[in-house]
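The file structure_32.txt comes next; it holds compact mmCIF, C-alpha atoms and all ligand atoms.
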```
# COMPACT_ATOMS: atom_id res chain seq x y z
CA MET A 1 130.96 53.91 108.76
CA ALA A 2 131.19 57.59 109.66
CA GLU A 3 134.32 58.66 111.45
CA ILE A 4 134.02 59.51 115.13
CA ARG A 5 135.28 63.05 115.73
CA SER A 6 136.59 64.39 119.01
CA LEU A 7 134.84 67.21 120.88
CA GLU A 8 137.66 69.49 119.85
CA GLU A 9 137.09 68.65 116.19
CA LEU A 10 133.36 69.23 116.59
CA GLN A 11 134.13 72.64 118.06
CA THR A 12 136.39 73.65 115.21
CA PRO A 13 134.90 76.37 112.96
CA ASP A 14 133.96 75.34 109.44
CA SER A 15 136.26 77.25 107.08
CA THR A 16 133.42 77.74 104.56
CA ALA A 17 131.39 79.67 107.14
CA LEU A 18 134.28 82.02 107.86
CA ILE A 19 134.34 83.48 104.35
CA PHE A 20 131.02 85.29 104.97
CA THR A 21 131.76 88.71 106.40
CA PRO A 22 129.74 91.88 106.91
CA PHE A 23 131.34 93.12 103.67
CA GLY A 24 130.29 90.15 101.56
CA LEU A 25 132.51 87.27 100.58
CA GLY A 26 136.07 87.69 101.75
CA GLY A 27 137.58 86.51 104.93
CA PRO A 28 138.41 84.25 106.41
CA MET A 29 137.15 86.12 109.42
CA PRO A 30 138.35 85.28 112.96
CA ALA A 31 135.90 82.73 114.36
CA GLU A 32 135.08 84.93 117.35
CA ARG A 33 133.91 87.74 115.12
CA SER A 34 132.15 85.35 112.79
CA ALA A 35 130.09 84.00 115.71
CA GLU A 36 129.03 87.52 116.58
CA PHE A 37 128.35 88.45 112.96
CA LEU A 38 126.20 85.36 112.29
CA GLN A 39 124.10 85.88 115.42
CA GLY A 40 123.61 89.50 114.46
CA MET A 41 122.22 88.44 111.08
CA VAL A 42 119.15 86.89 112.70
CA ALA A 43 119.04 88.75 116.02
CA ASP A 44 116.60 91.39 114.82
CA CYS A 45 113.78 89.07 113.84
CA GLY A 46 111.39 87.68 116.39
CA LEU A 47 107.79 86.67 116.80
CA ALA A 48 105.00 88.55 118.54
CA SER A 49 104.04 87.21 121.97
CA ASP A 50 100.52 86.19 120.89
CA VAL A 51 101.77 83.80 118.18
CA ALA A 52 100.81 80.17 118.91
CA GLU A 53 103.32 78.47 121.16
CA GLY A 54 104.25 75.60 118.81
CA THR A 55 105.20 78.01 116.04
CA ARG A 56 107.08 80.26 118.44
CA ARG A 57 109.16 77.43 119.84
CA GLU A 58 110.00 76.14 116.35
CA PHE A 59 111.11 79.60 115.31
CA ASP A 60 113.22 80.16 118.43
CA ARG A 61 114.95 76.85 117.82
CA LEU A 62 115.85 77.77 114.22
CA GLN A 63 117.10 81.18 115.28
CA ARG A 64 119.26 79.55 117.97
CA LEU A 65 120.60 76.80 115.68
CA PHE A 66 121.52 79.22 112.90
CA VAL A 67 124.83 80.23 114.49
CA TYR A 68 125.96 76.58 114.68
CA GLY A 69 126.51 76.83 110.95
CA LEU A 70 129.82 78.28 112.08
CA LEU A 71 130.86 74.78 113.18
CA ASP A 72 129.16 72.89 110.37
CA TYR A 73 128.22 74.82 107.25
CA ASP A 74 125.42 72.37 106.39
CA VAL A 75 123.44 73.62 109.39
CA PHE A 76 122.47 76.68 107.30
CA THR A 77 120.82 74.45 104.71
CA VAL A 78 119.00 72.38 107.33
CA VAL A 79 117.71 75.49 109.11
CA ASP A 80 116.60 77.01 105.79
CA ASP A 81 114.71 73.87 104.77
CA ARG A 82 113.10 73.54 108.18
CA ALA A 83 111.98 77.18 108.11
CA LEU A 84 109.89 76.48 105.02
CA LEU A 85 108.13 73.65 106.84
CA VAL A 86 107.48 75.88 109.86
CA MET A 87 105.62 78.22 107.49
CA GLU A 88 103.04 75.48 107.00
CA GLN A 89 102.90 74.73 110.71
CA ALA A 90 102.19 78.41 111.41
CA LEU A 91 99.35 78.42 108.87
CA ARG A 92 97.87 75.30 110.47
CA GLU A 93 98.04 76.73 113.98
CA ARG A 94 96.55 80.03 112.90
CA PHE A 95 93.81 78.16 111.02
CA LEU A 96 92.81 76.26 114.17
CA GLN A 97 92.81 79.42 116.28
CA TRP A 98 90.78 81.32 113.71
CA TYR A 99 88.05 78.68 113.48
CA ALA A 100 88.02 78.19 117.27
CA GLY A 101 86.79 74.61 117.31
CA ALA A 102 84.49 74.16 114.29
CA VAL A 103 84.81 74.39 110.51
CA THR A 104 81.86 74.63 108.14
CA PHE A 105 81.73 73.28 104.60
CA GLU A 106 79.05 74.26 102.11
CA ASP A 107 77.99 72.53 98.93
CA ALA A 108 78.60 75.01 96.11
CA ASN A 109 76.12 73.03 93.97
CA GLY A 110 73.43 73.49 96.63
CA LEU A 111 72.47 69.79 96.78
CA GLU A 112 73.15 69.25 100.47
CA PRO A 113 72.85 71.35 103.62
CA PRO A 114 76.03 72.80 105.16
CA LYS A 115 78.16 70.53 107.36
CA THR A 116 79.90 71.73 110.47
CA GLU A 117 82.67 69.59 111.96
CA ALA A 118 84.27 69.96 115.37
CA VAL A 119 88.04 70.29 115.07
CA GLY A 120 90.51 70.24 117.96
CA THR A 121 93.68 69.46 116.02
CA TYR A 122 94.76 69.89 112.42
CA ASP A 123 94.42 66.13 111.97
CA ASP A 124 90.70 66.62 112.67
CA VAL A 125 90.60 69.16 109.84
CA LEU A 126 92.28 66.75 107.44
CA ALA A 127 89.88 63.98 108.55
CA ALA A 128 86.86 66.23 107.93
CA VAL A 129 88.13 67.07 104.42
CA LYS A 130 88.69 63.39 103.70
CA LYS A 131 85.25 62.39 104.96
CA LEU A 132 83.53 64.86 102.63
CA GLY A 133 85.66 63.61 99.76
CA ARG A 134 84.51 60.05 100.44
CA ARG A 135 80.87 61.11 100.51
CA ASN A 136 81.30 62.58 97.02
CA ARG A 137 82.74 59.36 95.65
CA ARG A 138 79.95 57.17 97.06
CA ARG A 139 77.40 58.74 94.74
CA SER A 140 76.52 57.04 91.49
CA ARG A 141 77.61 58.56 88.21
CA GLN A 142 74.13 59.60 87.18
CA GLN A 143 73.59 61.79 90.21
CA PRO A 144 75.12 65.25 90.33
CA SER A 145 77.61 65.34 93.21
CA PRO A 146 77.98 68.05 95.82
CA GLN A 147 80.98 70.33 95.59
CA TRP A 148 82.14 70.94 99.14
CA GLN A 149 83.85 74.22 99.87
CA LEU A 150 85.24 75.69 103.07
CA LYS A 151 83.36 78.64 104.51
CA VAL A 152 85.66 81.60 105.29
CA GLY A 153 83.55 84.41 106.69
CA THR A 154 81.05 85.07 103.90
CA THR A 155 83.02 83.44 101.10
CA LEU A 156 83.60 79.84 100.02
CA ILE A 157 86.96 78.46 98.88
CA ALA A 158 88.20 75.17 97.49
CA PHE A 159 90.14 73.54 100.34
CA ASN A 160 91.96 70.23 100.59
CA GLY A 161 93.91 70.97 103.76
CA MET A 162 97.26 71.20 101.96
CA LEU A 163 99.59 74.21 101.86
CA ALA A 164 97.99 75.85 98.80
CA GLY A 165 94.57 75.58 100.48
CA LEU A 166 95.92 77.11 103.68
CA ARG A 167 97.34 80.04 101.70
CA THR A 168 94.02 80.58 99.93
CA TRP A 169 92.29 80.46 103.31
CA ALA A 170 94.68 83.01 104.88
CA ARG A 171 94.12 85.40 101.96
CA ALA A 172 90.33 84.92 102.04
CA ALA A 173 90.35 85.54 105.79
CA GLY A 174 92.26 88.79 105.20
CA LEU A 175 95.22 87.60 107.29
CA LEU A 176 97.79 87.86 104.48
CA ARG A 177 98.00 90.97 102.36
CA GLY A 178 99.86 92.69 99.53
CA GLN A 179 99.80 91.96 95.81
CA ARG A 180 103.56 91.69 95.37
CA THR A 181 103.83 89.33 98.33
CA ARG A 182 101.09 87.14 96.85
CA GLY A 183 103.64 86.05 94.21
CA ILE A 184 106.35 85.61 96.85
CA GLU A 185 104.05 83.38 98.93
CA HIS A 186 103.54 81.25 95.84
CA ALA A 187 107.31 80.96 95.34
CA MET A 188 107.81 80.13 99.04
CA SER A 189 105.30 77.31 98.91
CA ASN A 190 106.98 75.92 95.80
CA LEU A 191 110.25 75.93 97.74
CA ARG A 192 108.54 74.23 100.66
CA ASN A 193 107.31 71.49 98.32
CA ALA A 194 110.84 71.04 96.99
CA VAL A 195 112.05 70.66 100.58
CA ALA A 196 109.33 68.16 101.46
CA HIS A 197 110.07 66.12 98.33
CA PRO A 198 113.78 66.65 97.65
CA THR A 199 115.15 65.55 94.32
CA GLY A 200 118.81 66.37 94.84
CA TYR A 201 121.50 67.72 97.11
CA HIS A 202 121.53 71.45 97.70
CA ARG A 203 123.35 73.94 99.86
CA THR A 204 122.21 77.29 101.20
CA THR A 205 124.39 80.22 102.24
CA PRO A 206 124.00 81.93 105.63
CA VAL A 207 122.80 85.04 103.77
CA GLU A 208 119.95 83.12 102.14
CA THR A 209 119.05 81.34 105.37
CA ALA A 210 119.00 84.58 107.35
CA ARG A 211 116.64 86.03 104.76
CA THR A 212 114.38 82.99 104.94
CA LEU A 213 114.17 83.41 108.73
CA HIS A 214 113.32 87.09 108.34
CA ASP A 215 110.65 86.25 105.76
CA LEU A 216 109.26 83.53 108.01
CA ALA A 217 109.09 85.94 110.96
CA GLU A 218 107.24 88.48 108.80
CA LEU A 219 104.77 85.88 107.57
CA VAL A 220 104.05 84.48 111.04
CA ASN A 221 103.70 87.91 112.61
CA GLN A 222 101.36 89.02 109.81
CA LEU A 223 99.24 85.90 110.32
CA TRP A 224 98.74 87.03 113.91
CA GLY A 225 97.95 90.57 112.81
CA HIS A 226 101.34 92.24 113.23
CA PRO A 227 102.83 93.81 110.10
CA THR A 228 106.59 94.46 110.20
CA PRO A 229 107.95 98.03 110.35
CA GLY A 230 110.08 98.44 107.23
CA GLY A 231 109.18 94.87 106.24
CA ARG A 232 109.98 93.29 102.89
CA LEU A 233 106.83 91.15 102.72
CA TYR A 234 104.20 92.58 105.07
CA PRO A 235 105.26 96.14 105.83
CA ALA A 236 103.64 98.19 108.56
CA PRO A 237 102.13 101.54 107.51
CA VAL A 238 104.70 104.15 106.53
CA GLU A 239 105.20 107.34 108.47
CA ARG A 240 104.68 110.46 106.42
CA ASP A 241 106.10 113.84 107.11
CA ILE A 242 105.66 117.33 105.73
CA VAL A 243 108.02 117.73 102.83
CA VAL A 244 108.85 120.65 100.56
CA MET A 245 109.49 120.22 96.87
CA ALA A 246 111.22 122.91 94.87
CA TRP A 247 111.86 123.10 91.15
CA ASN A 248 112.95 125.55 88.50
CA ASP A 249 112.63 126.00 84.75
CA GLU A 250 115.90 124.22 84.11
CA GLY A 251 114.40 120.93 85.26
CA SER A 252 116.11 120.88 88.64
CA VAL A 253 113.88 119.27 91.34
CA HIS A 254 114.65 119.06 95.05
CA MET A 255 112.95 117.52 98.04
CA ALA A 256 113.63 118.28 101.71
CA GLN A 257 112.00 118.28 105.13
CA ALA A 258 109.65 121.27 105.27
CA ASP A 259 111.82 122.90 107.92
CA ALA A 260 114.50 123.39 105.25
CA LEU A 261 112.35 126.36 104.15
CA ARG A 262 113.78 128.20 107.14
CA ASP A 263 117.28 128.12 105.65
CA ASP A 264 117.61 131.28 103.65
CA THR A 265 119.16 129.77 100.56
CA ASP A 266 118.51 132.66 98.21
CA ALA A 267 117.81 130.32 95.31
CA ASP A 268 116.10 132.35 92.62
CA GLY A 269 113.60 131.07 90.13
CA TYR A 270 112.33 128.17 92.23
CA LEU A 271 108.73 127.25 92.86
CA TYR A 272 107.84 125.58 96.15
CA LEU A 273 105.21 122.97 96.97
CA LEU A 274 104.29 121.39 100.29
CA ILE A 275 103.17 117.77 100.41
CA ARG A 276 102.74 115.00 102.95
CA SER A 277 105.02 112.19 101.85
CA GLY A 278 106.44 108.91 103.12
CA SER A 279 109.46 109.02 100.93
CA ARG A 280 110.97 112.07 102.57
CA PRO A 281 114.74 112.47 102.48
CA GLY A 282 116.45 110.10 104.86
CA SER A 283 113.50 107.73 105.09
CA ARG A 284 113.98 104.08 104.26
CA TYR A 285 111.38 104.21 101.51
CA GLU A 286 113.05 104.91 98.25
CA ASP A 287 110.65 106.16 95.64
CA ALA A 288 111.98 105.98 92.09
CA HIS A 289 109.30 108.49 91.04
CA TRP A 290 109.54 110.91 93.98
CA ALA A 291 110.15 113.85 91.62
CA ALA A 292 107.00 113.17 89.58
CA PHE A 293 104.50 114.40 92.18
CA ASP A 294 101.10 115.34 90.77
CA SER A 295 98.16 116.33 92.97
CA ARG A 296 95.68 114.55 90.68
CA PHE A 297 97.58 111.40 89.74
CA GLU A 298 99.27 108.69 91.79
CA THR A 299 102.59 109.29 90.09
CA THR A 300 104.82 108.83 93.14
CA GLN A 301 105.03 105.22 94.25
CA PHE A 302 104.31 105.89 97.93
CA PRO A 303 101.13 107.80 98.73
CA ALA A 304 101.73 111.56 98.81
CA ASP A 305 99.11 114.23 99.58
CA TYR A 306 98.99 117.74 98.22
CA LEU A 307 99.00 120.44 100.93
CA TRP A 308 99.94 123.83 99.49
CA GLY A 309 101.44 125.53 96.46
CA PRO A 310 103.10 126.17 94.21
CA GLY A 311 104.42 129.51 95.39
CA SER A 312 107.40 131.35 96.81
CA ARG A 313 109.59 130.15 99.64
CA SER A 314 108.35 132.85 102.01
CA ASP A 315 104.70 132.12 101.25
CA ALA A 316 105.30 128.40 101.78
CA LEU A 317 106.93 129.13 105.13
CA ALA A 318 104.10 131.45 106.16
CA TRP A 319 101.53 128.76 105.34
CA LEU A 320 103.57 126.13 107.20
CA ASP A 321 103.78 128.28 110.34
CA ALA A 322 100.11 129.26 110.21
CA LYS A 323 98.71 125.76 109.65
CA GLN A 324 101.37 123.61 111.32
CA PRO A 325 100.36 120.47 109.42
CA LYS A 326 101.25 117.15 111.03
CA GLY A 327 102.64 113.92 109.66
CA ASP A 328 100.64 110.70 109.70
CA THR A 329 100.98 107.00 108.93
CA VAL A 330 99.47 105.31 105.90
CA ASN A 331 99.23 101.80 104.59
CA TYR A 332 100.51 101.42 101.06
CA VAL A 333 99.92 97.79 100.14
CA ASP A 334 96.69 96.66 98.46
CA ARG A 335 95.70 100.18 97.44
CA VAL A 336 92.88 100.72 94.96
CA PHE A 337 93.61 102.76 91.82
CA MET A 338 91.45 103.92 88.93
CA LEU A 339 92.96 104.25 85.45
CA ARG A 340 91.55 105.96 82.40
CA GLU A 341 92.15 104.96 78.82
CA HIS A 342 90.97 107.46 76.23
CA ASP A 343 91.77 107.96 72.53
CA GLY A 344 94.42 105.27 72.66
CA GLN A 345 96.14 106.84 75.68
CA LEU A 346 96.44 105.18 79.08
CA TYR A 347 96.83 107.79 81.84
CA PRO A 348 98.58 107.37 85.21
CA PRO A 349 96.55 105.81 88.06
CA MET A 350 94.28 108.05 90.13
CA HIS A 351 93.09 107.84 93.70
CA PRO A 352 89.39 106.82 93.54
CA GLU A 353 88.42 109.99 95.47
CA VAL A 354 90.10 112.15 92.83
CA ALA A 355 88.61 110.10 89.98
CA ALA A 356 85.19 110.55 91.65
CA GLY A 357 85.71 114.32 91.66
CA LEU A 358 86.37 114.60 87.91
CA ALA A 359 84.17 116.80 85.74
CA LYS A 360 81.84 115.11 83.27
CA GLU A 361 84.05 115.74 80.23
CA GLU A 362 87.03 114.23 82.06
CA ARG A 363 85.22 110.92 82.56
CA HIS A 364 85.04 109.80 78.91
CA GLY A 365 86.80 106.62 77.88
CA ALA A 366 87.34 103.18 79.37
CA TRP A 367 88.15 102.90 83.08
CA TYR A 368 89.85 100.18 85.08
CA THR A 369 89.82 99.63 88.82
CA VAL A 370 92.87 97.76 90.06
CA ARG A 371 94.19 96.76 93.47
CA ALA A 372 97.99 96.97 93.65
CA ASP A 373 100.73 97.94 96.10
CA PHE A 374 102.21 100.54 93.76
CA PRO A 375 100.72 102.68 90.96
CA GLU A 376 103.43 101.41 88.60
CA HIS A 377 102.08 97.88 89.03
CA ALA A 378 98.48 98.94 88.34
CA PHE A 379 99.63 100.80 85.23
CA ALA A 380 101.69 97.88 83.89
CA HIS A 381 98.76 95.52 84.44
CA VAL A 382 96.25 97.63 82.52
CA ARG A 383 98.74 98.26 79.74
CA GLY A 384 99.25 94.50 79.61
CA LEU A 385 95.53 93.93 79.03
CA ASN A 386 96.03 95.32 75.53
CA GLY A 387 98.78 92.81 74.80
CA SER A 388 98.23 89.10 74.29
CA PRO A 389 94.61 88.34 75.25
CA ASP A 390 95.14 86.03 78.23
CA ALA A 391 98.38 87.39 79.61
CA HIS A 392 96.70 89.46 82.34
CA ALA A 393 93.53 88.61 84.29
CA ARG A 394 90.46 90.69 83.49
CA VAL A 395 88.96 89.82 86.83
CA GLY A 396 90.50 88.95 90.19
CA ASP A 397 94.13 88.07 91.01
CA CYS A 398 96.39 88.45 87.99
CA ARG A 399 98.63 85.42 87.59
CA ASN A 400 101.07 87.40 85.56
CA CYS A 401 101.70 90.46 87.71
CA PRO A 402 101.17 91.88 91.22
CA ALA A 403 97.70 93.29 90.52
CA HIS A 404 94.10 92.34 91.20
CA GLN A 405 91.49 93.64 88.80
CA LEU A 406 88.33 94.77 90.57
CA GLY A 407 86.35 96.06 87.60
CA SER A 408 86.30 97.93 84.31
CA GLY A 409 83.94 99.71 81.95
CA SER A 410 82.53 103.21 82.16
CA HIS A 411 83.71 105.70 84.78
CA GLU A 412 80.57 104.90 86.76
CA GLN A 413 81.12 101.14 86.62
CA ALA A 414 84.77 101.46 87.63
CA LEU A 415 83.84 103.77 90.50
CA ARG A 416 81.25 101.29 91.73
CA ALA A 417 83.90 98.55 91.69
CA ALA A 418 86.16 100.79 93.77
CA GLU A 419 83.34 101.46 96.22
CA ASP A 420 82.63 97.74 96.56
CA ALA A 421 86.26 97.30 97.57
CA ILE A 422 86.88 100.25 99.89
CA GLY A 423 83.45 101.59 100.87
CA VAL A 424 82.00 105.05 100.43
CA ILE A 425 84.18 107.33 98.30
CA VAL A 426 84.03 111.05 99.03
CA PRO A 427 84.94 112.96 95.83
CA ARG A 428 87.69 115.53 96.08
CA ARG A 429 89.12 117.90 93.54
CA PRO A 430 92.62 119.09 94.41
CA PRO A 431 94.02 121.97 92.36
CA ALA A 432 95.92 120.66 89.34
CA VAL A 433 99.51 120.92 90.54
CA GLY A 434 102.37 118.81 89.34
CA ILE A 435 106.10 118.86 88.93
CA PRO A 436 106.47 119.29 85.16
CA ASP A 437 108.50 116.98 82.94
CA SER A 438 108.16 113.42 84.14
CA LEU A 439 109.84 110.89 81.88
CA PHE A 440 107.94 107.95 83.27
CA TRP A 441 104.49 109.60 83.32
CA PRO A 442 104.52 112.06 80.42
CA HIS A 443 100.76 112.00 79.81
CA ARG A 444 98.17 113.63 82.07
CA PHE A 445 94.80 115.19 81.45
ZN ZN B 1 98.44 91.66 85.34
```
Have the structure of the file written as structure tokens, please.
Amino acid sequence: MAEIRSLEELQTPDSTALIFTPFGLGGPMPAERSAEFLQGMVADCGLASDVAEGTRREFDRLQRLFVYGLLDYDVFTVVDDRALLVMEQALRERFLQWYAGAVTFEDANGLEPPKTEAVGTYDDVLAAVKKLGRRNRRRSRQQPSPQWQLKVGTTLIAFNGMLAGLRTWARAAGLLRGQRTRGIEHAMSNLRNAVAHPTGYHRTTPVETARTLHDLAELVNQLWGHPTPGGRLYPAPVERDIVVMAWNDEGSVHMAQADALRDDTDADGYLYLLIRSGSRPGSRYEDAHWAAFDSRFETTQFPADYLWGPGSRSDALAWLDAKQPKGDTVNYVDRVFMLREHDGQLYPPMHPEVAAGLAKEERHGAWYTVRADFPEHAFAHVRGLNGSPDAHARVGDCRNCPAHQLGSGSHEQALRAAEDAIGVIVPRRPPAVGIPDSLFWPHRF
């Protein structure tokens, strides 16, 4: 029999919880401060007001319960496990809203006419799936059987009502986005399955649980059409500002807000370039390749646009004052890149508009059109195609990396694949300007 504890004992902080401090493991921290610290860890995530009520209430409950891990450390594990189940609930609720009362299944083998079923609850959806499954089994072996698929807009997907089917649906409906996050969604649903069918005892730290709640909030908000500013999974578009880059012959490269041009620094031997960039100094977007800017190649990881240069500091300032260019916001996940492979050399990804503006002699070779969040990912995927034959997908979602291959072949074929994905492409031909000497992207044409 379990021991009966007094109220005072129940209110006593769990010493394990007190070792988590804002500075990592240490402590023990005074319980008062720990209570504040723990609440702060999950205070900044919340759901949009148009999220379905059931999901919102579940989330609020988890956020509220989190701090009680202070009194019983196992609460963190229970909240973490529950959060993974709420992910499925959110997908179910969004599914019902999206279909607004009726789902349609089509026979991919074309033997039977489409079937539309009225659905008021998710149990109705599961019943409809089951009914179609039974109809398949009733047929004799000699007859070809229909292959029922769920209609999502203009596409058909395999759908059994389970979590994997819901994820496929949300992607097909365009509600979830991002190539890198596609892999994370997969990992999250594996974790959810482990929670639903536990095989052993496990314990989660408050740090892990807080992250799970943040991830859950991002996923739910994205399902209802709200990306997260600065998000890890479904980031909102990044704000770009006017940035000056300056470099000299000695390989020194600097980046600053364009207004830094007004400081008379008297640095000799520098060339100046103005770009529109999201990874400006002080922004939260760290770009490992910020110094590799090239007007014709997507060498920086966040999208950067060429504006002016290179030239002297005074000319840059004069142009800045005359034109007064403004910042903007751009989406950076699920971008489309075109890559050229020629004479055994794979070149850095290009924006399809720039690839469309190439001269005839620059179009020779094999071309690949790839959807990825970052140019680095598109490059690694295409390079991987030359490795072991089945390691990377030649069409569609790559199982091996955060890329989705849209097409390949001649320049014209690759461009058509890009146009199928993003619509009309207006060619542009920026002047060939780049910061010289990039270790990561040494080859350009
Ligand atoms: Zn790949």
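For ligand ZN 1 (chain B), the neighbouring polymer residues at 6 Å or closer are His381, His392, Ala393, Cys398, Asn400, Cys401 and Ala403 of chain A, only C-alpha atoms and all ligand atoms being used.
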*With distances taken over only C-alpha atoms, which of A:Leu65, A:Ala194, A:Ala48, A:Ile242 is nearest to Glu218 (chain A)?*
A:Ala48
*Need the neighbours of (83.4, 104.9, 82.1): which residues are at most 6 Å away, counting all atoms listed in the file, as a ChimeraX atom specification?*
/A:365-367,409-412
*Got a sec: who's within 6 Å of region 244-252 of chain A, counting only C-alpha atoms, leaving out chain neighbours fewer than 6 positions off, as a PyMOL selection string?*
chain A and resi 258+269-274
*Please provide the set of residues having any atom within 8 Å of Ala35 (chain A), restricted to all atoms listed in the file, with same-chain residues fewer than 3 positions apart removed, written as a ChimeraX atom specification.*
/A:31-32,38-39,67,70
*Rank nothing, just name the residue among A:Pro375, A:Gly183, A:Gly101, A:Gly225 nearest to Ala288 (chain A), using only C-alpha atoms.*
A:Pro375
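Considering only C-alpha atoms, the residue among A:Pro431, A:Pro206, A:Gly344, A:Gly278 positioned nearest to Pro310 (chain A) is A:Pro431.
Our summary of the geometry notes that CA of Pro348 (chain A) is positioned 10.0 Å from CA of Asp294 (chain A).
Distance-wise, CA of Thr121 (chain A) and CA of Glu53 (chain A) end up 14.2 Å apart.
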All heavy atoms for region 214-220 of chain A, written as a CSV table (one decimal), in the coordinates of the input, could you do that?
```
chain,number,residue,atom,x,y,z
A,214,HIS,N,114.0,85.8,108.3
A,214,HIS,CA,113.3,87.1,108.3
A,214,HIS,C,112.0,87.0,107.7
A,214,HIS,O,111.0,87.5,108.2
A,214,HIS,CB,114.2,88.2,107.7
A,214,HIS,CG,115.2,88.7,108.6
A,214,HIS,ND1,116.5,88.3,108.6
A,214,HIS,CD2,115.2,89.7,109.5
A,214,HIS,CE1,117.2,88.9,109.5
A,214,HIS,NE2,116.5,89.8,110.1
A,215,ASP,N,111.9,86.4,106.5
A,215,ASP,CA,110.6,86.2,105.8
A,215,ASP,C,109.6,85.4,106.6
A,215,ASP,O,108.5,85.8,106.6
A,215,ASP,CB,110.9,85.6,104.4
A,215,ASP,CG,111.6,86.5,103.4
A,215,ASP,OD1,111.7,87.7,103.7
A,215,ASP,OD2,111.9,86.0,102.3
A,216,LEU,N,110.1,84.4,107.2
A,216,LEU,CA,109.3,83.5,108.0
A,216,LEU,C,108.7,84.3,109.2
A,216,LEU,O,107.5,84.3,109.5
A,216,LEU,CB,110.0,82.3,108.5
A,216,LEU,CG,109.2,81.4,109.5
A,216,LEU,CD1,108.0,80.8,108.8
A,216,LEU,CD2,110.2,80.3,110.0
A,217,ALA,N,109.5,85.1,109.8
A,217,ALA,CA,109.1,85.9,111.0
A,217,ALA,C,108.0,86.9,110.5
A,217,ALA,O,107.0,87.1,111.2
A,217,ALA,CB,110.3,86.7,111.6
A,218,GLU,N,108.2,87.5,109.3
A,218,GLU,CA,107.2,88.5,108.8
A,218,GLU,C,105.9,87.8,108.5
A,218,GLU,O,104.8,88.3,108.8
A,218,GLU,CB,107.7,89.1,107.5
A,218,GLU,CG,108.7,90.2,107.7
A,218,GLU,CD,108.8,91.2,106.5
A,218,GLU,OE1,107.7,91.5,105.9
A,218,GLU,OE2,109.9,91.6,106.2
A,219,LEU,N,106.0,86.6,107.9
A,219,LEU,CA,104.8,85.9,107.6
A,219,LEU,C,104.0,85.5,108.8
A,219,LEU,O,102.8,85.7,108.9
A,219,LEU,CB,105.1,84.6,106.7
A,219,LEU,CG,103.9,83.8,106.4
A,219,LEU,CD1,103.6,83.9,104.9
A,219,LEU,CD2,104.0,82.4,106.8
A,220,VAL,N,104.7,84.9,109.8
A,220,VAL,CA,104.0,84.5,111.0
A,220,VAL,C,103.4,85.7,111.8
A,220,VAL,O,102.3,85.7,112.2
A,220,VAL,CB,105.0,83.7,111.9
A,220,VAL,CG1,104.4,83.4,113.3
A,220,VAL,CG2,105.5,82.4,111.3
```
